[in-house]
Every structure is written in C-alpha cells, then in structure tokens.
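Source file: start05.pdb. Holds: PDB, C-alpha atoms and all ligand atoms.
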ATOM      1  CA  MET A 176     -34.789  79.665 -24.837  1.00  0.00           C
ATOM      2  CA  ARG A 177     -34.092  82.226 -27.552  1.00  0.00           C
ATOM      3  CA  LYS A 178     -30.855  83.253 -25.873  1.00  0.00           C
ATOM      4  CA  LYS A 179     -29.731  79.606 -25.795  1.00  0.00           C
ATOM      5  CA  ALA A 180     -30.407  79.183 -29.528  1.00  0.00           C
ATOM      6  CA  VAL A 181     -28.270  82.232 -30.352  1.00  0.00           C
ATOM      7  CA  SER A 182     -25.360  81.014 -28.221  1.00  0.00           C
ATOM      8  CA  GLY A 183     -25.710  77.549 -29.822  1.00  0.00           C
ATOM      9  CA  LYS A 184     -25.403  79.199 -33.225  1.00  0.00           C
ATOM     10  CA  LYS A 185     -22.369  81.113 -32.027  1.00  0.00           C
ATOM     11  CA  ARG A 186     -20.807  77.915 -30.725  1.00  0.00           C
ATOM     12  CA  SER A 187     -21.288  76.085 -34.026  1.00  0.00           C
ATOM     13  CA  GLY A 188     -19.878  79.125 -35.862  1.00  0.00           C
ATOM     14  CA  THR A 189     -16.780  79.030 -33.644  1.00  0.00           C
ATOM     15  CA  LEU A 190     -16.475  75.267 -34.153  1.00  0.00           C
ATOM     16  CA  LEU A 191     -16.679  75.630 -37.933  1.00  0.00           C
ATOM     17  CA  ARG A 192     -14.010  78.344 -37.849  1.00  0.00           C
ATOM     18  CA  GLU A 193     -11.795  76.098 -35.726  1.00  0.00           C
ATOM     19  CA  ILE A 194     -12.222  73.186 -38.143  1.00  0.00           C
ATOM     20  CA  GLY A 195     -11.485  75.536 -41.072  1.00  0.00           C
ATOM     21  CA  HIS A 196      -8.313  76.701 -39.333  1.00  0.00           C
ATOM     22  CA  LYS A 197      -7.182  73.127 -38.580  1.00  0.00           C
ATOM     23  CA  LYS A 198      -7.791  72.191 -42.220  1.00  0.00           C
ATOM     24  CA  GLU A 199      -5.705  75.119 -43.436  1.00  0.00           C
ATOM     25  CA  VAL A 200      -2.875  74.154 -41.066  1.00  0.00           C
ATOM     26  CA  LEU A 201      -2.976  70.534 -42.298  1.00  0.00           C
ATOM     27  CA  VAL A 202      -2.925  71.602 -45.956  1.00  0.00           C
ATOM     28  CA  GLU A 203      -0.011  73.957 -45.215  1.00  0.00           C
ATOM     29  CA  MET A 204       1.907  71.140 -43.526  1.00  0.00           C
ATOM     30  CA  MET A 205       1.346  68.864 -46.497  1.00  0.00           C
ATOM     31  CA  MET A 206       2.372  71.702 -48.818  1.00  0.00           C
ATOM     32  CA  ILE A 207       5.740  71.786 -47.051  1.00  0.00           C
ATOM     33  CA  LEU A 208       6.219  68.206 -48.284  1.00  0.00           C
ATOM     34  CA  VAL A 209       4.973  69.043 -51.790  1.00  0.00           C
ATOM     35  CA  ARG A 210       7.240  72.115 -52.029  1.00  0.00           C
ATOM     36  CA  ALA A 211      10.215  70.081 -50.774  1.00  0.00           C
ATOM     37  CA  LEU A 212       9.499  67.465 -53.447  1.00  0.00           C
ATOM     38  CA  GLU A 213       9.124  70.057 -56.218  1.00  0.00           C
ATOM     39  CA  GLU A 214      12.146  72.010 -55.039  1.00  0.00           C
ATOM     40  CA  ARG A 215      14.351  69.051 -55.946  1.00  0.00           C
ATOM     41  CA  ASP A 216      13.498  69.417 -59.619  1.00  0.00           C
ATOM     42  CA  GLU A 217      13.740  72.791 -61.348  1.00  0.00           C
ATOM     43  CA  TYR A 218      11.184  71.693 -63.943  1.00  0.00           C
ATOM     44  CA  THR A 219       8.343  70.992 -61.548  1.00  0.00           C
ATOM     45  CA  LYS A 220       9.199  73.734 -59.033  1.00  0.00           C
ATOM     46  CA  GLY A 221       5.994  75.647 -58.261  1.00  0.00           C
ATOM     47  CA  HIS A 222       3.858  73.233 -60.338  1.00  0.00           C
ATOM     48  CA  SER A 223       1.198  72.545 -57.688  1.00  0.00           C
ATOM     49  CA  GLU A 224       0.846  76.228 -56.795  1.00  0.00           C
ATOM     50  CA  ARG A 225       0.415  77.176 -60.468  1.00  0.00           C
ATOM     51  CA  VAL A 226      -2.154  74.371 -60.898  1.00  0.00           C
ATOM     52  CA  ALA A 227      -4.008  75.717 -57.845  1.00  0.00           C
ATOM     53  CA  SER A 228      -3.985  79.295 -59.257  1.00  0.00           C
ATOM     54  CA  LEU A 229      -5.517  78.213 -62.562  1.00  0.00           C
ATOM     55  CA  SER A 230      -7.987  75.861 -60.833  1.00  0.00           C
ATOM     56  CA  VAL A 231      -9.233  78.773 -58.716  1.00  0.00           C
ATOM     57  CA  VAL A 232      -9.695  81.009 -61.778  1.00  0.00           C
ATOM     58  CA  LEU A 233     -11.598  78.195 -63.549  1.00  0.00           C
ATOM     59  CA  ALA A 234     -13.756  77.516 -60.477  1.00  0.00           C
ATOM     60  CA  LYS A 235     -14.591  81.233 -60.227  1.00  0.00           C
ATOM     61  CA  GLY A 236     -15.454  81.245 -63.931  1.00  0.00           C
ATOM     62  CA  LEU A 237     -17.808  78.318 -63.322  1.00  0.00           C
ATOM     63  CA  GLY A 238     -19.574  80.408 -60.662  1.00  0.00           C
ATOM     64  CA  PHE A 239     -18.713  78.261 -57.624  1.00  0.00           C
ATOM     65  CA  SER A 240     -19.237  79.429 -54.048  1.00  0.00           C
ATOM     66  CA  PRO A 241     -16.182  80.653 -52.068  1.00  0.00           C
ATOM     67  CA  ALA A 242     -16.268  77.450 -49.957  1.00  0.00           C
ATOM     68  CA  LYS A 243     -16.237  75.209 -53.019  1.00  0.00           C
ATOM     69  CA  ILE A 244     -13.464  77.283 -54.616  1.00  0.00           C
ATOM     70  CA  GLU A 245     -11.401  76.847 -51.452  1.00  0.00           C
ATOM     71  CA  THR A 246     -11.872  73.046 -51.547  1.00  0.00           C
ATOM     72  CA  ILE A 247     -10.739  73.022 -55.186  1.00  0.00           C
ATOM     73  CA  ARG A 248      -7.716  75.211 -54.365  1.00  0.00           C
ATOM     74  CA  ARG A 249      -6.618  72.865 -51.584  1.00  0.00           C
ATOM     75  CA  GLY A 250      -7.219  69.753 -53.689  1.00  0.00           C
ATOM     76  CA  ALA A 251      -5.157  71.279 -56.512  1.00  0.00           C
ATOM     77  CA  LEU A 252      -2.322  72.134 -54.111  1.00  0.00           C
ATOM     78  CA  LEU A 253      -2.145  68.506 -52.974  1.00  0.00           C
ATOM     79  CA  HIS A 254      -3.051  66.788 -56.265  1.00  0.00           C
ATOM     80  CA  ASP A 255       0.423  65.251 -56.787  1.00  0.00           C
ATOM     81  CA  ILE A 256       1.240  64.538 -53.132  1.00  0.00           C
ATOM     82  CA  GLY A 257       1.284  60.809 -53.981  1.00  0.00           C
ATOM     83  CA  LYS A 258       4.536  61.405 -55.918  1.00  0.00           C
ATOM     84  CA  ILE A 259       6.180  61.284 -52.494  1.00  0.00           C
ATOM     85  CA  GLY A 260       5.635  57.525 -52.761  1.00  0.00           C
ATOM     86  CA  ILE A 261       7.366  57.233 -56.178  1.00  0.00           C
ATOM     87  CA  SER A 262      11.080  56.406 -56.309  1.00  0.00           C
ATOM     88  CA  ASP A 263      13.538  59.152 -57.354  1.00  0.00           C
ATOM     89  CA  GLU A 264      14.881  56.970 -60.126  1.00  0.00           C
ATOM     90  CA  LEU A 265      11.433  56.950 -61.716  1.00  0.00           C
ATOM     91  CA  LEU A 266      10.368  60.478 -60.751  1.00  0.00           C
ATOM     92  CA  TYR A 267      13.416  62.075 -62.352  1.00  0.00           C
ATOM     93  CA  LYS A 268      13.654  59.802 -65.361  1.00  0.00           C
ATOM     94  CA  PRO A 269      13.393  62.101 -68.412  1.00  0.00           C
ATOM     95  CA  GLY A 270      10.506  60.366 -70.224  1.00  0.00           C
ATOM     96  CA  ASN A 271      10.677  57.090 -72.181  1.00  0.00           C
ATOM     97  CA  PHE A 272       9.087  54.978 -69.470  1.00  0.00           C
ATOM     98  CA  THR A 273       8.787  51.235 -69.991  1.00  0.00           C
ATOM     99  CA  PRO A 274       5.173  49.975 -69.608  1.00  0.00           C
ATOM    100  CA  GLU A 275       6.071  48.708 -66.133  1.00  0.00           C
ATOM    101  CA  GLU A 276       7.566  52.094 -65.129  1.00  0.00           C
ATOM    102  CA  ARG A 277       4.549  53.922 -66.544  1.00  0.00           C
ATOM    103  CA  ALA A 278       2.258  51.690 -64.464  1.00  0.00           C
ATOM    104  CA  ARG A 279       4.275  52.469 -61.316  1.00  0.00           C
ATOM    105  CA  MET A 280       4.242  56.219 -62.079  1.00  0.00           C
ATOM    106  CA  ASN A 281       0.480  56.067 -62.628  1.00  0.00           C
ATOM    107  CA  GLN A 282       0.023  54.851 -59.064  1.00  0.00           C
ATOM    108  CA  HIS A 283       0.637  58.358 -57.677  1.00  0.00           C
ATOM    109  CA  PRO A 284      -3.052  59.391 -57.557  1.00  0.00           C
ATOM    110  CA  GLU A 285      -3.917  56.317 -55.468  1.00  0.00           C
ATOM    111  CA  LYS A 286      -0.879  56.824 -53.250  1.00  0.00           C
ATOM    112  CA  GLY A 287      -2.003  60.445 -52.777  1.00  0.00           C
ATOM    113  CA  HIS A 288      -5.502  59.260 -51.889  1.00  0.00           C
ATOM    114  CA  PHE A 289      -4.094  57.113 -49.073  1.00  0.00           C
ATOM    115  CA  ILE A 290      -1.917  59.963 -47.781  1.00  0.00           C
ATOM    116  CA  VAL A 291      -4.841  62.406 -47.662  1.00  0.00           C
ATOM    117  CA  LEU A 292      -7.034  59.708 -46.100  1.00  0.00           C
ATOM    118  CA  ASN A 293      -4.883  59.973 -42.981  1.00  0.00           C
ATOM    119  CA  SER A 294      -6.893  62.980 -41.863  1.00  0.00           C
ATOM    120  CA  HIS A 295     -10.695  62.953 -41.843  1.00  0.00           C
ATOM    121  CA  LEU A 296     -10.497  66.763 -42.137  1.00  0.00           C
ATOM    122  CA  LEU A 297      -9.100  66.412 -45.663  1.00  0.00           C
ATOM    123  CA  TRP A 298     -11.509  63.845 -47.051  1.00  0.00           C
ATOM    124  CA  ASP A 299     -13.184  66.444 -49.266  1.00  0.00           C
ATOM    125  CA  LEU A 300      -9.859  66.801 -51.147  1.00  0.00           C
ATOM    126  CA  ILE A 301      -9.733  63.136 -52.144  1.00  0.00           C
ATOM    127  CA  PRO A 302     -11.578  63.515 -55.506  1.00  0.00           C
ATOM    128  CA  ALA A 303      -9.037  66.053 -56.827  1.00  0.00           C
ATOM    129  CA  VAL A 304      -6.129  63.940 -55.577  1.00  0.00           C
ATOM    130  CA  ARG A 305      -7.363  60.515 -56.686  1.00  0.00           C
ATOM    131  CA  ASN A 306      -9.063  61.422 -59.970  1.00  0.00           C
ATOM    132  CA  HIS A 307      -6.995  64.226 -61.552  1.00  0.00           C
ATOM    133  CA  HIS A 308      -5.754  61.853 -64.284  1.00  0.00           C
ATOM    134  CA  GLU A 309      -9.188  60.649 -65.385  1.00  0.00           C
ATOM    135  CA  ASN A 310     -10.134  61.571 -68.958  1.00  0.00           C
ATOM    136  CA  TYR A 311     -13.582  62.843 -69.922  1.00  0.00           C
ATOM    137  CA  ASP A 312     -13.974  59.970 -72.419  1.00  0.00           C
ATOM    138  CA  GLY A 313     -13.221  57.338 -69.759  1.00  0.00           C
ATOM    139  CA  SER A 314      -9.689  56.496 -70.952  1.00  0.00           C
ATOM    140  CA  GLY A 315      -7.868  57.875 -67.889  1.00  0.00           C
ATOM    141  CA  TYR A 316      -6.784  56.361 -64.571  1.00  0.00           C
ATOM    142  CA  PRO A 317      -7.004  55.082 -61.845  1.00  0.00           C
ATOM    143  CA  ASP A 318     -10.758  54.403 -62.064  1.00  0.00           C
ATOM    144  CA  GLY A 319     -11.529  54.936 -65.775  1.00  0.00           C
ATOM    145  CA  LEU A 320     -14.397  57.256 -64.807  1.00  0.00           C
ATOM    146  CA  LYS A 321     -16.285  58.991 -67.597  1.00  0.00           C
ATOM    147  CA  GLU A 322     -17.903  62.428 -68.074  1.00  0.00           C
ATOM    148  CA  GLY A 323     -20.115  63.469 -65.138  1.00  0.00           C
ATOM    149  CA  ASN A 324     -18.948  60.491 -63.071  1.00  0.00           C
ATOM    150  CA  ILE A 325     -15.568  62.195 -62.706  1.00  0.00           C
ATOM    151  CA  PRO A 326     -15.820  64.467 -59.646  1.00  0.00           C
ATOM    152  CA  LEU A 327     -15.971  68.120 -60.744  1.00  0.00           C
ATOM    153  CA  PRO A 328     -12.886  69.222 -58.733  1.00  0.00           C
ATOM    154  CA  ALA A 329     -10.902  66.487 -60.515  1.00  0.00           C
ATOM    155  CA  ARG A 330     -12.119  67.675 -63.947  1.00  0.00           C
ATOM    156  CA  ILE A 331     -10.970  71.216 -63.145  1.00  0.00           C
ATOM    157  CA  VAL A 332      -7.598  70.178 -61.706  1.00  0.00           C
ATOM    158  CA  SER A 333      -7.039  67.845 -64.680  1.00  0.00           C
ATOM    159  CA  LEU A 334      -7.224  70.734 -67.157  1.00  0.00           C
ATOM    160  CA  ALA A 335      -5.118  73.051 -64.972  1.00  0.00           C
ATOM    161  CA  ASP A 336      -2.547  70.268 -64.446  1.00  0.00           C
ATOM    162  CA  TYR A 337      -2.238  69.429 -68.118  1.00  0.00           C
ATOM    163  CA  PHE A 338      -2.081  73.089 -69.062  1.00  0.00           C
ATOM    164  CA  ASP A 339       0.870  73.608 -66.726  1.00  0.00           C
ATOM    165  CA  ALA A 340       2.705  70.544 -68.061  1.00  0.00           C
ATOM    166  CA  LEU A 341       2.293  71.823 -71.637  1.00  0.00           C
ATOM    167  CA  ALA A 342       3.059  75.480 -70.985  1.00  0.00           C
ATOM    168  CA  THR A 343       6.250  74.919 -68.968  1.00  0.00           C
ATOM    169  CA  ALA A 344       9.497  73.188 -69.984  1.00  0.00           C
ATOM    170  CA  ARG A 345      10.248  69.603 -68.919  1.00  0.00           C
ATOM    171  CA  PRO A 346      13.534  67.688 -69.243  1.00  0.00           C
ATOM    172  CA  TYR A 347      12.142  65.888 -72.280  1.00  0.00           C
ATOM    173  CA  LYS A 348      10.449  68.870 -74.010  1.00  0.00           C
ATOM    174  CA  PRO A 349      10.554  72.672 -74.211  1.00  0.00           C
ATOM    175  CA  ALA A 350       7.594  74.809 -73.102  1.00  0.00           C
ATOM    176  CA  MET A 351       4.920  74.894 -75.806  1.00  0.00           C
ATOM    177  CA  THR A 352       3.906  78.245 -77.268  1.00  0.00           C
ATOM    178  CA  LYS A 353       0.636  79.742 -76.086  1.00  0.00           C
ATOM    179  CA  GLU A 354      -0.872  79.116 -79.519  1.00  0.00           C
ATOM    180  CA  SER A 355       0.028  75.410 -79.478  1.00  0.00           C
ATOM    181  CA  VAL A 356      -1.224  74.968 -75.914  1.00  0.00           C
ATOM    182  CA  LEU A 357      -4.592  76.513 -76.775  1.00  0.00           C
ATOM    183  CA  GLU A 358      -4.835  74.407 -79.918  1.00  0.00           C
ATOM    184  CA  TYR A 359      -4.123  71.243 -77.923  1.00  0.00           C
ATOM    185  CA  VAL A 360      -6.722  72.058 -75.260  1.00  0.00           C
ATOM    186  CA  ARG A 361      -9.296  72.769 -77.975  1.00  0.00           C
ATOM    187  CA  SER A 362      -8.546  69.466 -79.715  1.00  0.00           C
ATOM    188  CA  MET A 363      -8.934  67.538 -76.436  1.00  0.00           C
ATOM    189  CA  SER A 364     -12.314  69.008 -75.495  1.00  0.00           C
ATOM    190  CA  GLY A 365     -14.716  66.092 -74.929  1.00  0.00           C
ATOM    191  CA  LYS A 366     -11.814  63.606 -75.058  1.00  0.00           C
ATOM    192  CA  LYS A 367      -9.470  64.503 -72.261  1.00  0.00           C
ATOM    193  CA  PHE A 368     -11.284  67.530 -70.882  1.00  0.00           C
ATOM    194  CA  ASP A 369     -14.841  68.447 -69.920  1.00  0.00           C
ATOM    195  CA  PRO A 370     -16.178  70.730 -72.714  1.00  0.00           C
ATOM    196  CA  SER A 371     -17.963  73.013 -70.222  1.00  0.00           C
ATOM    197  CA  ILE A 372     -14.658  73.628 -68.410  1.00  0.00           C
ATOM    198  CA  VAL A 373     -12.808  74.135 -71.713  1.00  0.00           C
ATOM    199  CA  LYS A 374     -15.384  76.817 -72.537  1.00  0.00           C
ATOM    200  CA  VAL A 375     -14.568  78.705 -69.331  1.00  0.00           C
ATOM    201  CA  PHE A 376     -10.837  78.113 -69.926  1.00  0.00           C
ATOM    202  CA  PHE A 377     -10.999  80.040 -73.206  1.00  0.00           C
ATOM    203  CA  LYS A 378     -12.749  82.935 -71.486  1.00  0.00           C
ATOM    204  CA  ILE A 379     -10.088  83.335 -68.791  1.00  0.00           C
ATOM    205  CA  ILE A 380      -6.856  82.112 -70.349  1.00  0.00           C
ATOM    206  CA  ASP A 381      -5.625  85.371 -71.915  1.00  0.00           C
ATOM    207  CA  GLY A 382      -5.826  87.117 -68.544  1.00  0.00           C
ATOM    208  CA  PHE A 383      -4.164  84.151 -66.827  1.00  0.00           C
ATOM    209  CA  TYR A 384      -1.247  84.151 -69.272  1.00  0.00           C
ATOM    210  CA  GLU A 385      -0.779  87.878 -68.901  1.00  0.00           C
ATOM    211  CA  LYS A 386      -0.755  87.708 -65.141  1.00  0.00           C
ATOM    212  CA  ASN A 387       1.249  84.520 -64.614  1.00  0.00           C
ATOM    213  CA  PHE A 388       3.348  83.529 -67.529  1.00  0.00           C
ATOM    214  CA  LYS A 389       6.163  86.025 -67.859  1.00  0.00           C
ATOM    215  CA  PRO A 390       8.030  84.493 -64.898  1.00  0.00           C
ATOM    216  CA  PHE A 391       7.940  81.095 -66.623  1.00  0.00           C
ATOM    217  CA  GLY A 392       9.744  82.346 -69.716  1.00  0.00           C
ATOM    218  CA  GLU A 393       6.749  82.592 -72.038  1.00  0.00           C
ATOM    219  CA  SER A 394       7.465  85.021 -74.876  1.00  0.00           C
TER     220      SER A 394
HETATM  221 FE    FE B   1      -0.523  63.848 -61.284  1.00  0.00          FE
HETATM  222 FE    FE B   2       0.486  67.503 -61.580  1.00  0.00          FE
END
Using structure tokens, write down the structure from this file.
Ligand SMILES: [Fe+2]
Ligand SMILES: [Fe+2]
Amino acid sequence: MRKKAVSGKKRSGTLLREIGHKKEVLVEMMMILVRALEERDEYTKGHSERVASLSVVLAKGLGFSPAKIETIRRGALLHDIGKIGISDELLYKPGNFTPEERARMNQHPEKGHFIVLNSHLLWDLIPAVRNHHENYDGSGYPDGLKEGNIPLPARIVSLADYFDALATARPYKPAMTKESVLEYVRSMSGKKFDPSIVKVFFKIIDGFYEKNFKPFGES
C-alpha cells in the first residue's frame, strides 16, 4: 500500500513536470509571434520581454512564490499578443487616433484573451492578457474593474507596461527621463496604479534602471 502511494506521488510529480514543460513550449511558440510582431517596429522591439523582466522584479518584491512569479512572467510576455489582431495601418499609426481608431486599438486585450483561450494550459495567463489596461480607479478597459477586483498579475503588468512605454522612445514622443518617469508613476498611484505595487516599484527601480536601461539609450 505504502509503496503504491509513493509511486502515485511520483507519477503526479512527473505529470506536473510534463504539463509545466508543455506550458513553457506553448508560451515560447506564442513568443515567436510576439517577437515577429515587435521586430517589425523598432520602437516596440523587445517591449514584452522588458515588461516581463520588470514584472518579475515587482513580483519578487511583493514576496510571491516562484510558481506565481512564473505565471506573471508568462502573462507579461504575452500581454500584447492581441495586437496580432490589429491592422498594420492602425498599429503603426504614430498617435493621434480618432475615437473610432482608439476603440479598435483598445480591443487588443480582448483579442489576446481569445488567442490565449485556445489552450487550456494557458488559462492562468488570461488575467494579465485581458486586464493589463485596467486602471486602479476603475477608469480603464476592457472591463472597468477597480482596485482589488483587478487581478493582481494584471496590476503588476500594467505598471511594468506603462513604465516601459514612458521610459522608451515612441514615434510620437522621445523617451522620458528617469526623473519624469518616476514623478509620473508617483502621481498615478491610486489612480492608474495599485499603491502597494507602486511602493515596491520605488524600492526596486534604481537597481532595475542600472541593470537594464543603458541599452535603451537612457543617460
Ligand atoms: Fe497593451
Ligand atoms: Fe504593452
């Protein structure tokens, strides 16, 4: 009896490892699509990987378990996968969207949700994909969720995503200085961003800049 229980445990351990491996392979395959998409635009090249790096540092700072950190990393890597469903004309338009264009652009989190939904192995990544444009005060999209109702991975990816958009150049704006980025994040605490995540952000951000920002042209 005892022997059987041990081998059962072993079997479930092997099964879990197999599922983990399949998940990693699926995320890698989807990352090929994301990289191909980002590669077409020098401004967003590497965006999802940078968002994932900062999300991981924030998740570690929040004291999450390695498994939860890994889910956040994968969700951050795929957060903009729905942009695959947005037309080039819109995707590469340098700002100044009409309200109708803005509405179409804002569909990318829902489009991403439906892409990720294709595999039941990736369902745990849906919150980061679908809800990374929610705002802490409820003014975001697509669901207008507020505060604790926004899934935690989405709150983390939201800050990392916005940080990257501010700190790197875009066709319609230069990269903001570190000082201005930090000022903006501080001013948006409790509005756009979860204050508890902003608190961790300020603890880790100097180290993150030092380690990651020279390649992006930060002075
Ligand atoms: Fe996005
Ligand atoms: Fe993004």
Just give me the gap between atom CA of A:Tyr311 and atom FE of ligand FE 1 (chain B) in Å, one decimal is fine.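 Computing it gives 15.7 Å between the two atoms.
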Using only C-alpha atoms and all ligand atoms, find the one residue out of A:Gly270, A:Pro346, A:Pro370, A:Pro284 that sits nearest to ligand FE 2 (chain B).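 The answer is A:Pro284, which sits nearest to ligand FE 2 (chain B).
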With a distance cut-off of 9 Å and all atoms listed in the file, select the neighbouring residues of A:Tyr316, excluding the residue or stretch itself and same-chain residues fewer than 3 positions from it, and output the selection as a list in words. Asn281, Gln282, Pro284, Arg305, Asn306, His307, His308, Glu309, Asn310, Gly313, Gly319 and Leu320 of chain A
Hey, which residues come within 12 Å of ligand FE 1 (chain B) if we count only C-alpha atoms and all ligand atoms? Could you give them as a PyMOL selection string? chain A and resi 219+222-223+226+250-259+261+266+280-288+303-309+315-317+329+332-337+339-340
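Taking atom CA of A:Leu229 and atom CA of A:Ile380 as endpoints, the distance between them is 8.8 Å.
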Which one is closest to A:Tyr384: A:Ser187, A:Ser362, A:Ser371, A:Ser228? Count all atoms listed in the file. A:Ser228
Using all atoms listed in the file, which residue out of A:Thr246, A:Thr273, A:Ser314, A:Thr343 lies closest to ligand FE 2 (chain B)? A:Thr343
Measure the distance from atom CA of A:Leu357 to atom CA of A:Glu245 in Å and round it to one decimal.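 Rounded to one decimal, the two atoms are 26.2 Å apart.
Residue nearest ligand FE 2 (chain B), chosen from A:Leu341, A:Val356, A:Leu300, A:Ala211 and counting only C-alpha atoms and all ligand atoms: A:Leu341.
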Across A:Ser262, A:Ser182, A:Ser230, A:Thr189, the smallest distance to ligand FE 2 (chain B), with all atoms listed in the file counted, is shown by A:Ser230
What would stretch 205-224 of chain A look like with N, CA and C atoms restored, written as a PDB file, keeping the file's coordinate frame?
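Result written to result15.pdb:
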ATOM      1  N   MET A 205       1.136  69.759 -45.356  1.00  0.00           N
ATOM      2  CA  MET A 205       1.346  68.864 -46.497  1.00  0.00           C
ATOM      3  C   MET A 205       2.024  69.603 -47.648  1.00  0.00           C
ATOM      4  N   MET A 206       1.738  70.904 -47.756  1.00  0.00           N
ATOM      5  CA  MET A 206       2.372  71.702 -48.818  1.00  0.00           C
ATOM      6  C   MET A 206       3.880  71.825 -48.592  1.00  0.00           C
ATOM      7  N   ILE A 207       4.295  71.762 -47.331  1.00  0.00           N
ATOM      8  CA  ILE A 207       5.740  71.786 -47.051  1.00  0.00           C
ATOM      9  C   ILE A 207       6.378  70.573 -47.728  1.00  0.00           C
ATOM     10  N   LEU A 208       5.702  69.423 -47.638  1.00  0.00           N
ATOM     11  CA  LEU A 208       6.219  68.206 -48.284  1.00  0.00           C
ATOM     12  C   LEU A 208       6.206  68.352 -49.801  1.00  0.00           C
ATOM     13  N   VAL A 209       5.086  68.894 -50.334  1.00  0.00           N
ATOM     14  CA  VAL A 209       4.973  69.043 -51.790  1.00  0.00           C
ATOM     15  C   VAL A 209       6.051  70.005 -52.300  1.00  0.00           C
ATOM     16  N   ARG A 210       6.229  71.137 -51.591  1.00  0.00           N
ATOM     17  CA  ARG A 210       7.240  72.115 -52.029  1.00  0.00           C
ATOM     18  C   ARG A 210       8.634  71.497 -51.972  1.00  0.00           C
ATOM     19  N   ALA A 211       8.892  70.718 -50.913  1.00  0.00           N
ATOM     20  CA  ALA A 211      10.215  70.081 -50.774  1.00  0.00           C
ATOM     21  C   ALA A 211      10.445  69.129 -51.948  1.00  0.00           C
ATOM     22  N   LEU A 212       9.399  68.409 -52.325  1.00  0.00           N
ATOM     23  CA  LEU A 212       9.499  67.465 -53.447  1.00  0.00           C
ATOM     24  C   LEU A 212       9.760  68.223 -54.749  1.00  0.00           C
ATOM     25  N   GLU A 213       8.991  69.301 -54.966  1.00  0.00           N
ATOM     26  CA  GLU A 213       9.124  70.057 -56.218  1.00  0.00           C
ATOM     27  C   GLU A 213      10.438  70.832 -56.278  1.00  0.00           C
ATOM     28  N   GLU A 214      10.910  71.234 -55.129  1.00  0.00           N
ATOM     29  CA  GLU A 214      12.146  72.010 -55.039  1.00  0.00           C
ATOM     30  C   GLU A 214      13.342  71.221 -55.568  1.00  0.00           C
ATOM     31  N   ARG A 215      13.234  69.909 -55.519  1.00  0.00           N
ATOM     32  CA  ARG A 215      14.351  69.051 -55.946  1.00  0.00           C
ATOM     33  C   ARG A 215      14.463  68.981 -57.466  1.00  0.00           C
ATOM     34  N   ASP A 216      13.488  69.502 -58.168  1.00  0.00           N
ATOM     35  CA  ASP A 216      13.498  69.417 -59.619  1.00  0.00           C
ATOM     36  C   ASP A 216      13.086  70.775 -60.186  1.00  0.00           C
ATOM     37  N   GLU A 217      14.031  71.420 -60.877  1.00  0.00           N
ATOM     38  CA  GLU A 217      13.740  72.791 -61.348  1.00  0.00           C
ATOM     39  C   GLU A 217      12.558  72.828 -62.325  1.00  0.00           C
ATOM     40  N   TYR A 218      12.263  71.708 -62.959  1.00  0.00           N
ATOM     41  CA  TYR A 218      11.184  71.693 -63.943  1.00  0.00           C
ATOM     42  C   TYR A 218       9.794  71.698 -63.304  1.00  0.00           C
ATOM     43  N   THR A 219       9.681  71.043 -62.152  1.00  0.00           N
ATOM     44  CA  THR A 219       8.343  70.992 -61.548  1.00  0.00           C
ATOM     45  C   THR A 219       8.193  71.981 -60.387  1.00  0.00           C
ATOM     46  N   LYS A 220       9.237  72.747 -60.113  1.00  0.00           N
ATOM     47  CA  LYS A 220       9.199  73.734 -59.033  1.00  0.00           C
ATOM     48  C   LYS A 220       7.977  74.656 -59.211  1.00  0.00           C
ATOM     49  N   GLY A 221       7.154  74.746 -58.195  1.00  0.00           N
ATOM     50  CA  GLY A 221       5.994  75.647 -58.261  1.00  0.00           C
ATOM     51  C   GLY A 221       4.810  75.070 -59.022  1.00  0.00           C
ATOM     52  N   HIS A 222       4.938  73.827 -59.525  1.00  0.00           N
ATOM     53  CA  HIS A 222       3.858  73.233 -60.338  1.00  0.00           C
ATOM     54  C   HIS A 222       2.514  73.228 -59.599  1.00  0.00           C
ATOM     55  N   SER A 223       2.489  72.693 -58.385  1.00  0.00           N
ATOM     56  CA  SER A 223       1.198  72.545 -57.688  1.00  0.00           C
ATOM     57  C   SER A 223       0.573  73.902 -57.376  1.00  0.00           C
ATOM     58  N   GLU A 224       1.396  74.904 -57.070  1.00  0.00           N
ATOM     59  CA  GLU A 224       0.846  76.228 -56.795  1.00  0.00           C
ATOM     60  C   GLU A 224       0.272  76.861 -58.068  1.00  0.00           C
TER      61      GLU A 224
END
